[in-house]
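One file, data.cif, carrying mmCIF, N, CA, C and O atoms:
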```cif
data_start
#
loop_
_atom_site.label_atom_id
_atom_site.label_comp_id
_atom_site.auth_asym_id
_atom_site.auth_seq_id
_atom_site.Cartn_x
_atom_site.Cartn_y
_atom_site.Cartn_z
N MET A 36 -18.53 -0.42 -6.82
CA MET A 36 -17.43 0.16 -6.07
C MET A 36 -16.22 -0.75 -6.19
O MET A 36 -16.29 -1.94 -5.98
N VAL A 37 -15.09 -0.19 -6.53
CA VAL A 37 -13.84 -0.94 -6.62
C VAL A 37 -13.00 -0.55 -5.42
O VAL A 37 -12.72 0.61 -5.19
N ARG A 38 -12.63 -1.55 -4.66
CA ARG A 38 -11.80 -1.29 -3.49
C ARG A 38 -10.72 -2.35 -3.42
O ARG A 38 -10.99 -3.53 -3.58
N GLU A 39 -9.52 -1.93 -3.18
CA GLU A 39 -8.40 -2.85 -3.06
C GLU A 39 -8.58 -3.70 -1.81
O GLU A 39 -8.89 -3.18 -0.74
N THR A 40 -8.38 -5.00 -1.95
CA THR A 40 -8.50 -5.87 -0.79
C THR A 40 -7.17 -5.90 -0.04
O THR A 40 -6.12 -5.52 -0.58
N PHE A 41 -7.22 -6.38 1.21
CA PHE A 41 -5.99 -6.49 1.98
C PHE A 41 -5.03 -7.46 1.29
O PHE A 41 -3.83 -7.23 1.24
N SER A 42 -5.57 -8.52 0.73
CA SER A 42 -4.76 -9.50 0.01
C SER A 42 -4.04 -8.85 -1.17
O SER A 42 -2.88 -9.15 -1.44
N GLU A 43 -4.71 -7.96 -1.88
CA GLU A 43 -4.08 -7.25 -2.99
C GLU A 43 -2.97 -6.33 -2.50
O GLU A 43 -1.95 -6.16 -3.16
N ARG A 44 -3.15 -5.74 -1.31
CA ARG A 44 -2.09 -4.90 -0.75
C ARG A 44 -0.86 -5.73 -0.41
O ARG A 44 0.27 -5.30 -0.61
N VAL A 45 -1.09 -6.93 0.11
CA VAL A 45 0.03 -7.83 0.42
C VAL A 45 0.77 -8.17 -0.87
O VAL A 45 2.00 -8.14 -0.93
N ASP A 46 0.02 -8.50 -1.92
CA ASP A 46 0.64 -8.81 -3.22
C ASP A 46 1.47 -7.64 -3.74
O ASP A 46 2.49 -7.84 -4.38
N ALA A 47 1.04 -6.43 -3.47
CA ALA A 47 1.77 -5.25 -3.93
C ALA A 47 3.12 -5.11 -3.22
O ALA A 47 4.00 -4.40 -3.70
N CYS A 48 3.29 -5.80 -2.12
CA CYS A 48 4.54 -5.72 -1.37
C CYS A 48 5.60 -6.71 -1.88
O CYS A 48 6.62 -6.87 -1.24
N VAL A 49 5.36 -7.34 -2.99
CA VAL A 49 6.34 -8.29 -3.52
C VAL A 49 7.52 -7.57 -4.16
O VAL A 49 8.28 -8.15 -4.91
N LEU A 50 7.68 -6.32 -3.82
CA LEU A 50 8.81 -5.55 -4.32
C LEU A 50 10.14 -6.13 -3.86
O LEU A 50 11.19 -5.82 -4.41
N THR A 51 10.08 -6.99 -2.85
CA THR A 51 11.29 -7.63 -2.34
C THR A 51 12.02 -8.38 -3.44
O THR A 51 13.24 -8.33 -3.54
N GLU A 52 11.26 -9.06 -4.30
CA GLU A 52 11.87 -9.80 -5.41
C GLU A 52 12.62 -8.85 -6.34
O GLU A 52 13.73 -9.16 -6.78
N LEU A 53 12.02 -7.70 -6.63
CA LEU A 53 12.70 -6.73 -7.48
C LEU A 53 13.95 -6.19 -6.81
O LEU A 53 14.99 -6.00 -7.46
N GLN A 54 13.86 -5.94 -5.52
CA GLN A 54 15.02 -5.43 -4.79
C GLN A 54 16.15 -6.45 -4.80
O GLN A 54 17.30 -6.11 -5.02
N GLU A 55 15.80 -7.71 -4.58
CA GLU A 55 16.84 -8.75 -4.58
C GLU A 55 17.47 -8.90 -5.96
O GLU A 55 18.66 -9.14 -6.08
N ARG A 56 16.66 -8.76 -7.01
CA ARG A 56 17.16 -8.94 -8.37
C ARG A 56 17.97 -7.74 -8.85
O ARG A 56 19.04 -7.89 -9.42
N TYR A 57 17.46 -6.53 -8.62
CA TYR A 57 18.09 -5.34 -9.19
C TYR A 57 18.75 -4.42 -8.16
O TYR A 57 19.60 -3.61 -8.51
N GLY A 58 18.31 -4.48 -6.91
CA GLY A 58 18.93 -3.69 -5.85
C GLY A 58 18.78 -2.19 -5.97
O GLY A 58 19.64 -1.46 -5.52
N HIS A 59 17.70 -1.71 -6.56
CA HIS A 59 17.60 -0.27 -6.78
C HIS A 59 16.48 0.41 -5.98
O HIS A 59 16.33 1.61 -6.07
N ILE A 60 15.73 -0.32 -5.19
CA ILE A 60 14.64 0.30 -4.44
C ILE A 60 15.23 0.99 -3.21
O ILE A 60 15.88 0.37 -2.38
N GLN A 61 15.00 2.29 -3.12
CA GLN A 61 15.53 3.07 -2.01
C GLN A 61 14.50 3.34 -0.93
O GLN A 61 14.84 3.49 0.23
N GLU A 62 13.24 3.44 -1.33
CA GLU A 62 12.20 3.69 -0.35
C GLU A 62 10.85 3.24 -0.90
O GLU A 62 10.67 3.15 -2.11
N VAL A 63 9.95 2.95 -0.01
CA VAL A 63 8.58 2.60 -0.36
C VAL A 63 7.68 3.54 0.45
O VAL A 63 7.82 3.65 1.66
N ILE A 64 6.80 4.22 -0.25
CA ILE A 64 5.89 5.15 0.41
C ILE A 64 4.51 4.52 0.44
O ILE A 64 3.97 4.14 -0.60
N ILE A 65 3.95 4.41 1.62
CA ILE A 65 2.59 3.90 1.78
C ILE A 65 1.72 5.11 2.09
O ILE A 65 1.87 5.75 3.12
N GLN A 66 0.85 5.42 1.16
CA GLN A 66 0.04 6.62 1.29
C GLN A 66 -1.42 6.24 1.41
O GLN A 66 -1.94 5.49 0.59
N ILE A 67 -2.08 6.76 2.41
CA ILE A 67 -3.49 6.46 2.63
C ILE A 67 -4.35 7.23 1.63
O ILE A 67 -4.06 8.37 1.31
N PHE A 68 -5.37 6.57 1.13
CA PHE A 68 -6.30 7.21 0.19
C PHE A 68 -7.23 8.15 0.94
O PHE A 68 -7.77 7.81 1.99
N ARG A 69 -7.41 9.32 0.41
CA ARG A 69 -8.37 10.28 0.95
C ARG A 69 -9.36 10.66 -0.16
O ARG A 69 -8.95 11.10 -1.22
N ALA A 70 -10.64 10.48 0.11
CA ALA A 70 -11.67 10.88 -0.85
C ALA A 70 -11.80 12.40 -0.82
O ALA A 70 -11.93 12.99 0.24
N LYS A 71 -11.72 13.01 -1.98
CA LYS A 71 -11.82 14.46 -2.07
C LYS A 71 -12.84 14.81 -3.14
O LYS A 71 -13.06 14.04 -4.07
N PRO A 72 -13.45 15.97 -3.03
CA PRO A 72 -14.38 16.39 -4.09
C PRO A 72 -13.63 16.52 -5.41
O PRO A 72 -12.43 16.78 -5.44
N ASP A 73 -14.33 16.34 -6.48
CA ASP A 73 -13.78 16.55 -7.83
C ASP A 73 -12.72 15.53 -8.24
O ASP A 73 -11.86 15.82 -9.07
N ILE A 74 -12.71 14.34 -7.63
CA ILE A 74 -11.87 13.25 -8.12
C ILE A 74 -12.79 12.09 -8.46
O ILE A 74 -13.88 11.97 -7.90
N PRO A 75 -12.38 11.24 -9.39
CA PRO A 75 -13.26 10.14 -9.80
C PRO A 75 -13.69 9.21 -8.66
O PRO A 75 -14.77 8.65 -8.70
N MET A 76 -12.88 9.08 -7.63
CA MET A 76 -13.20 8.16 -6.53
C MET A 76 -13.74 8.90 -5.30
O MET A 76 -13.63 8.41 -4.18
N GLN A 77 -14.35 10.04 -5.50
CA GLN A 77 -14.82 10.86 -4.38
C GLN A 77 -15.83 10.14 -3.49
O GLN A 77 -15.92 10.42 -2.30
N ALA A 78 -16.60 9.21 -4.05
CA ALA A 78 -17.64 8.53 -3.27
C ALA A 78 -17.13 7.24 -2.63
O ALA A 78 -17.87 6.58 -1.90
N HIS A 79 -15.89 6.87 -2.86
CA HIS A 79 -15.35 5.63 -2.31
C HIS A 79 -14.97 5.82 -0.84
O HIS A 79 -14.47 6.88 -0.45
N PRO A 80 -15.16 4.79 -0.03
CA PRO A 80 -14.81 4.91 1.39
C PRO A 80 -13.30 4.96 1.58
O PRO A 80 -12.55 4.31 0.84
N GLU A 81 -12.89 5.71 2.56
CA GLU A 81 -11.47 5.78 2.90
C GLU A 81 -11.10 4.57 3.76
O GLU A 81 -11.93 4.05 4.50
N PRO A 82 -9.86 4.12 3.68
CA PRO A 82 -9.44 3.01 4.54
C PRO A 82 -9.47 3.43 6.01
O PRO A 82 -9.27 4.60 6.33
N THR A 83 -9.69 2.47 6.86
CA THR A 83 -9.69 2.76 8.28
C THR A 83 -8.25 2.85 8.78
O THR A 83 -7.31 2.44 8.09
N LEU A 84 -8.10 3.34 9.99
CA LEU A 84 -6.77 3.38 10.60
C LEU A 84 -6.21 1.96 10.71
O LEU A 84 -5.02 1.74 10.46
N LEU A 85 -7.06 1.00 11.06
CA LEU A 85 -6.61 -0.39 11.15
C LEU A 85 -6.11 -0.89 9.79
O LEU A 85 -5.08 -1.56 9.72
N ASP A 86 -6.81 -0.55 8.70
CA ASP A 86 -6.35 -0.92 7.35
C ASP A 86 -4.94 -0.38 7.11
O ASP A 86 -4.06 -1.09 6.61
N PHE A 87 -4.75 0.88 7.44
CA PHE A 87 -3.46 1.53 7.22
C PHE A 87 -2.35 0.88 8.05
O PHE A 87 -1.28 0.56 7.54
N LEU A 88 -2.63 0.64 9.33
CA LEU A 88 -1.63 0.03 10.21
C LEU A 88 -1.29 -1.40 9.78
O LEU A 88 -0.13 -1.81 9.84
N ARG A 89 -2.29 -2.15 9.36
CA ARG A 89 -2.05 -3.51 8.88
C ARG A 89 -1.18 -3.50 7.62
O ARG A 89 -0.28 -4.32 7.47
N THR A 90 -1.43 -2.56 6.74
CA THR A 90 -0.64 -2.46 5.52
C THR A 90 0.81 -2.12 5.84
O THR A 90 1.74 -2.72 5.27
N ILE A 91 1.03 -1.21 6.76
CA ILE A 91 2.39 -0.86 7.18
C ILE A 91 3.08 -2.07 7.80
O ILE A 91 4.24 -2.36 7.50
N ALA A 92 2.37 -2.80 8.66
CA ALA A 92 2.95 -3.97 9.32
C ALA A 92 3.36 -5.03 8.31
O ALA A 92 4.46 -5.59 8.39
N VAL A 93 2.51 -5.30 7.34
CA VAL A 93 2.83 -6.31 6.33
C VAL A 93 4.01 -5.85 5.48
O VAL A 93 4.91 -6.63 5.17
N ALA A 94 4.03 -4.58 5.11
CA ALA A 94 5.14 -4.05 4.32
C ALA A 94 6.46 -4.22 5.08
O ALA A 94 7.47 -4.60 4.49
N ARG A 95 6.45 -3.96 6.36
CA ARG A 95 7.69 -4.13 7.15
C ARG A 95 8.11 -5.57 7.24
O ARG A 95 9.29 -5.89 7.19
N LEU A 96 7.13 -6.48 7.35
CA LEU A 96 7.45 -7.91 7.38
C LEU A 96 8.00 -8.38 6.04
O LEU A 96 9.00 -9.12 5.98
N VAL A 97 7.38 -7.97 4.96
CA VAL A 97 7.77 -8.43 3.64
C VAL A 97 9.04 -7.76 3.16
O VAL A 97 9.94 -8.41 2.63
N LEU A 98 9.13 -6.45 3.34
CA LEU A 98 10.27 -5.70 2.81
C LEU A 98 11.42 -5.58 3.79
O LEU A 98 12.53 -5.24 3.41
N GLY A 99 11.13 -5.79 5.06
CA GLY A 99 12.16 -5.62 6.08
C GLY A 99 12.20 -4.20 6.58
O GLY A 99 11.93 -3.26 5.84
N ALA A 100 12.49 -4.03 7.83
CA ALA A 100 12.60 -2.69 8.43
C ALA A 100 14.02 -2.23 8.24
O ALA A 100 14.89 -2.48 9.06
N ARG A 101 14.30 -1.56 7.14
CA ARG A 101 15.68 -1.14 6.82
C ARG A 101 15.92 0.28 7.19
O ARG A 101 15.16 1.10 7.23
#
```
Let me see whether you can do it: turn the structure in this file into C-alpha cells.
Amino acid sequence: MVRETFSERVDACVLTELQERYGHIQEVIIQIFRAKPDIPMQAHPEPTLLDFLRTIAVARLVLGAR
C-alpha cells in the first residue's frame, strides 16, 4: 500500500518558493482522496478528517492565508 505521509504533504506545500520567485500562483486546492470503485486505488484507505484538517492548517501556515 502506498500512502502519502504527513511529512510528504508538508513538503508539497513548498509552493511558497515558486510564488516568491515567479508570482503566478493564484490558488491552491486541497482535495481529499476518496476511494471509489473502478479506480486503481480503490482499496486504499481514505484520509481521516484530522488528516485533512492538519493538511489545511499546514498549507495556511506555509502559504499564508491570503
Give me the residues within 7 Å of A:Ala70 as a list in words, counting only C-alpha atoms and dropping any in the same chain fewer than 4 places off. Met76, Gln77, Ala78, His79 and Glu81 of chain A
For the residues selected in the previous step, produce a file with N, CA, C and O atoms as a PDB file, in the coordinates of the input.
```pdb
ATOM      1  N   MET A  76     -12.880   9.080  -7.630  1.00  0.00           N
ATOM      2  CA  MET A  76     -13.200   8.160  -6.530  1.00  0.00           C
ATOM      3  C   MET A  76     -13.740   8.900  -5.300  1.00  0.00           C
ATOM      4  O   MET A  76     -13.630   8.410  -4.180  1.00  0.00           O
ATOM      5  N   GLN A  77     -14.350  10.040  -5.500  1.00  0.00           N
ATOM      6  CA  GLN A  77     -14.820  10.860  -4.380  1.00  0.00           C
ATOM      7  C   GLN A  77     -15.830  10.140  -3.490  1.00  0.00           C
ATOM      8  O   GLN A  77     -15.920  10.420  -2.300  1.00  0.00           O
ATOM      9  N   ALA A  78     -16.600   9.210  -4.050  1.00  0.00           N
ATOM     10  CA  ALA A  78     -17.640   8.530  -3.270  1.00  0.00           C
ATOM     11  C   ALA A  78     -17.130   7.240  -2.630  1.00  0.00           C
ATOM     12  O   ALA A  78     -17.870   6.580  -1.900  1.00  0.00           O
ATOM     13  N   HIS A  79     -15.890   6.870  -2.860  1.00  0.00           N
ATOM     14  CA  HIS A  79     -15.350   5.630  -2.310  1.00  0.00           C
ATOM     15  C   HIS A  79     -14.970   5.820  -0.840  1.00  0.00           C
ATOM     16  O   HIS A  79     -14.470   6.880  -0.450  1.00  0.00           O
ATOM     17  N   GLU A  81     -12.890   5.710   2.560  1.00  0.00           N
ATOM     18  CA  GLU A  81     -11.470   5.780   2.900  1.00  0.00           C
ATOM     19  C   GLU A  81     -11.100   4.570   3.760  1.00  0.00           C
ATOM     20  O   GLU A  81     -11.930   4.050   4.500  1.00  0.00           O
TER      21      GLU A  81
END
```
Applying the PyMOL selection byres ((chain A and resi 82) around 8) to the file I just gave you, which residues come out? Please list them as a PyMOL selection string. chain A and resi 67-70+79-81+83-87
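Here atom N of A:Gly58 and atom C of A:Asp46 stand 17.4 Å from one another.
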Secondary structure check, alpha helix (DSSP H) residues of chain A, as a CSV table (one decimal) with N, CA, C and O atoms, in the frame of the given file:
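Written out: result.csv:
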```csv
chain,number,residue,atom,x,y,z
A,41,PHE,N,-7.2,-6.4,1.2
A,41,PHE,CA,-6.0,-6.5,2.0
A,41,PHE,C,-5.0,-7.5,1.3
A,41,PHE,O,-3.8,-7.2,1.2
A,42,SER,N,-5.6,-8.5,0.7
A,42,SER,CA,-4.8,-9.5,0.0
A,42,SER,C,-4.0,-8.8,-1.2
A,42,SER,O,-2.9,-9.2,-1.4
A,43,GLU,N,-4.7,-8.0,-1.9
A,43,GLU,CA,-4.1,-7.2,-3.0
A,43,GLU,C,-3.0,-6.3,-2.5
A,43,GLU,O,-2.0,-6.2,-3.2
A,44,ARG,N,-3.2,-5.7,-1.3
A,44,ARG,CA,-2.1,-4.9,-0.8
A,44,ARG,C,-0.9,-5.7,-0.4
A,44,ARG,O,0.3,-5.3,-0.6
A,45,VAL,N,-1.1,-6.9,0.1
A,45,VAL,CA,0.0,-7.8,0.4
A,45,VAL,C,0.8,-8.2,-0.9
A,45,VAL,O,2.0,-8.1,-0.9
A,46,ASP,N,0.0,-8.5,-1.9
A,46,ASP,CA,0.6,-8.8,-3.2
A,46,ASP,C,1.5,-7.6,-3.7
A,46,ASP,O,2.5,-7.8,-4.4
A,47,ALA,N,1.0,-6.4,-3.5
A,47,ALA,CA,1.8,-5.2,-3.9
A,47,ALA,C,3.1,-5.1,-3.2
A,47,ALA,O,4.0,-4.4,-3.7
A,50,LEU,N,7.7,-6.3,-3.8
A,50,LEU,CA,8.8,-5.6,-4.3
A,50,LEU,C,10.1,-6.1,-3.9
A,50,LEU,O,11.2,-5.8,-4.4
A,51,THR,N,10.1,-7.0,-2.8
A,51,THR,CA,11.3,-7.6,-2.3
A,51,THR,C,12.0,-8.4,-3.4
A,51,THR,O,13.2,-8.3,-3.5
A,52,GLU,N,11.3,-9.1,-4.3
A,52,GLU,CA,11.9,-9.8,-5.4
A,52,GLU,C,12.6,-8.8,-6.3
A,52,GLU,O,13.7,-9.2,-6.8
A,53,LEU,N,12.0,-7.7,-6.6
A,53,LEU,CA,12.7,-6.7,-7.5
A,53,LEU,C,14.0,-6.2,-6.8
A,53,LEU,O,15.0,-6.0,-7.5
A,54,GLN,N,13.9,-5.9,-5.5
A,54,GLN,CA,15.0,-5.4,-4.8
A,54,GLN,C,16.2,-6.4,-4.8
A,54,GLN,O,17.3,-6.1,-5.0
A,55,GLU,N,15.8,-7.7,-4.6
A,55,GLU,CA,16.8,-8.8,-4.6
A,55,GLU,C,17.5,-8.9,-6.0
A,55,GLU,O,18.7,-9.1,-6.1
A,56,ARG,N,16.7,-8.8,-7.0
A,56,ARG,CA,17.2,-8.9,-8.4
A,56,ARG,C,18.0,-7.7,-8.8
A,56,ARG,O,19.0,-7.9,-9.4
A,57,TYR,N,17.5,-6.5,-8.6
A,57,TYR,CA,18.1,-5.3,-9.2
A,57,TYR,C,18.8,-4.4,-8.2
A,57,TYR,O,19.6,-3.6,-8.5
A,84,LEU,N,-8.1,3.3,10.0
A,84,LEU,CA,-6.8,3.4,10.6
A,84,LEU,C,-6.2,2.0,10.7
A,84,LEU,O,-5.0,1.7,10.5
A,85,LEU,N,-7.1,1.0,11.1
A,85,LEU,CA,-6.6,-0.4,11.2
A,85,LEU,C,-6.1,-0.9,9.8
A,85,LEU,O,-5.1,-1.6,9.7
A,86,ASP,N,-6.8,-0.6,8.7
A,86,ASP,CA,-6.4,-0.9,7.4
A,86,ASP,C,-4.9,-0.4,7.1
A,86,ASP,O,-4.1,-1.1,6.6
A,87,PHE,N,-4.8,0.9,7.4
A,87,PHE,CA,-3.5,1.5,7.2
A,87,PHE,C,-2.4,0.9,8.0
A,87,PHE,O,-1.3,0.6,7.5
A,88,LEU,N,-2.6,0.6,9.3
A,88,LEU,CA,-1.6,0.0,10.2
A,88,LEU,C,-1.3,-1.4,9.8
A,88,LEU,O,-0.1,-1.8,9.8
A,89,ARG,N,-2.3,-2.2,9.4
A,89,ARG,CA,-2.0,-3.5,8.9
A,89,ARG,C,-1.2,-3.5,7.6
A,89,ARG,O,-0.3,-4.3,7.5
A,90,THR,N,-1.4,-2.6,6.7
A,90,THR,CA,-0.6,-2.5,5.5
A,90,THR,C,0.8,-2.1,5.8
A,90,THR,O,1.7,-2.7,5.3
A,91,ILE,N,1.0,-1.2,6.8
A,91,ILE,CA,2.4,-0.9,7.2
A,91,ILE,C,3.1,-2.1,7.8
A,91,ILE,O,4.2,-2.4,7.5
A,92,ALA,N,2.4,-2.8,8.7
A,92,ALA,CA,3.0,-4.0,9.3
A,92,ALA,C,3.4,-5.0,8.3
A,92,ALA,O,4.5,-5.6,8.4
A,93,VAL,N,2.5,-5.3,7.3
A,93,VAL,CA,2.8,-6.3,6.3
A,93,VAL,C,4.0,-5.8,5.5
A,93,VAL,O,4.9,-6.6,5.2
A,94,ALA,N,4.0,-4.6,5.1
A,94,ALA,CA,5.1,-4.0,4.3
A,94,ALA,C,6.5,-4.2,5.1
A,94,ALA,O,7.5,-4.6,4.5
A,95,ARG,N,6.4,-4.0,6.4
A,95,ARG,CA,7.7,-4.1,7.2
A,95,ARG,C,8.1,-5.6,7.2
A,95,ARG,O,9.3,-5.9,7.2
A,96,LEU,N,7.1,-6.5,7.4
A,96,LEU,CA,7.4,-7.9,7.4
A,96,LEU,C,8.0,-8.4,6.0
A,96,LEU,O,9.0,-9.1,6.0
A,97,VAL,N,7.4,-8.0,5.0
A,97,VAL,CA,7.8,-8.4,3.6
A,97,VAL,C,9.0,-7.8,3.2
A,97,VAL,O,9.9,-8.4,2.6
A,98,LEU,N,9.1,-6.4,3.3
A,98,LEU,CA,10.3,-5.7,2.8
A,98,LEU,C,11.4,-5.6,3.8
A,98,LEU,O,12.5,-5.2,3.4
```
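Between atom N of A:Ile65 and atom CA of A:Arg89 lies a distance of 12.3 Å.
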Need the neighbours of (14.5, -7.9, 0.0): which residues are at most 5 Å away, counting all atoms listed in the file, as JSON, numbers by chain? {"A": [51, 55, 98]}
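Comparing A:Val97, A:Thr90, A:Ile64, A:Tyr57 by their smallest distance to A:Glu39, the closest is A:Thr90 (using only C-alpha atoms).
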Go ahead and compute the interatomic distance for atom CA of A:Val45 and atom CA of A:Asp73, in Å to one decimal. 29.2 Å
